[in-house]
Amino acid sequence: MSSIPQNRIKKRLKNVFKVLLVLYVMIGTSLYFLQEKLLFFPTELPQDYEYQFAYPFEEVFLTPEDGVSINAIHFKTENPKGVILYFHGNAGDLSRWGVISEYFVAKDYDVFIMDYRTYGKSTGKLSEQAFYSDAQFCYTHLLQQYQENDITLYGRSLGTGIATFLASKNNPKQLVLETPYYSVLDVAKKRFPILPVSSLLKYEFPSNEFIVDVKCSITMFHGTDDRVVPYYSAEKLKAVAPKNRTLFISIEGGSHNDLIDFEEYTKEIDKIL
């Protein structure tokens, strides 16, 4: 008689295991096929949308390859101190990010900011390589108008990986990273520890690999209370960055979208610009 309950328990455990296995496979499959929706939050703009900003600007359309159109805003000042090539975060479009980047226009810098494929008016298929190749296309476009040592690369959140890649392949004046990460893969491993994210993730953005080849000065800003890109991830990136050229600004109490409200950020920005 004692064997009957044990058999029932084994059967129940087996059924529970099957359910958990199905859930595990479903979650992993969703991560693989829906990762663009988990990583990127673009908003689209009609092609006839008219931007309105406080500073003079030129709207630009670039064609890196057939079937691709990259929409960008180029702010121009009368006597620029240089130009900032700005790579924005993973949500929104230029109608929002253009306003954010005007902070640097007010400091007498020209600013060139692009929308990634599927964002705003930009079109084309997303891929990690597309982020890099489109960024390089914009950089090359700016070289027709500016000296390379007048170009500052600025990345924010998602854009930090793109800016770091670009800095590793070129020779800009400097690289500025706001809320950077070690790699998207590293952050994903922490968030999904039970999943084989190395096999599932199509977007790695390995800033840790790119930054070792950066030859210009590097400034990083990160808030200790960042819940989007954890503070530890930026610390890991700092640890592998060229030590004699890297400045890490830790902002106590800063979160992901409010560093501009802290004196530590504004003071250092004024120094490096």
# chains A, B, ... in the order shown; residues from 1 in each chain; ligands from 1
>>> residues_around(residues="Pro180 of chain A", least_positions_apart="5", cutoff="12 Å", atoms="only C-alpha atoms", output="count of residues only")
43
>>> residues_around(residues="segment 93-104 of chain A", least_positions_apart="4", cutoff="10 Å", atoms="only C-alpha atoms", output="PyMOL selection string")
chain A and resi 41-45+49-55+57+71-75+83-89+108-116+118-122+260+269-270+273
>>> closest_residue(among="A:Pro5, A:Gly253, A:Pro64, A:Pro242", to="His141 of chain A", atoms="only C-alpha atoms")
A:Pro64
>>> select_by_dssp(residues="segment 88-271 of chain A", states="alpha helix (DSSP H)", output="PyMOL selection string")
chain A and resi 94-105+128-142+158-169+184-191+197-200+207-210+231-240+263-271
>>> atom_distance(atom1="atom CA of Phe40 of chain A", atom2="atom CA of Glu268 of chain A")
29.5 Å
>>> select_by_dssp(residues="segment 100-142 of chain A", states="strand (DSSP E)", output="number ranges by chain")
A: 110-114
>>> atom_distance(atom1="atom CA of Thr123 of chain A", atom2="atom CA of Leu62 of chain A")
10.6 Å
>>> residues_around(residues="segment 124-140 of chain A", least_positions_apart="4", cutoff="6 Å", atoms="only C-alpha atoms", output="list in words")
Val68, Arg117 and Tyr203 of chain A
>>> closest_residue(among="A:Val197, A:Val214, A:Leu166, A:Leu143", to="Val184 of chain A", atoms="only C-alpha atoms")
A:Val197
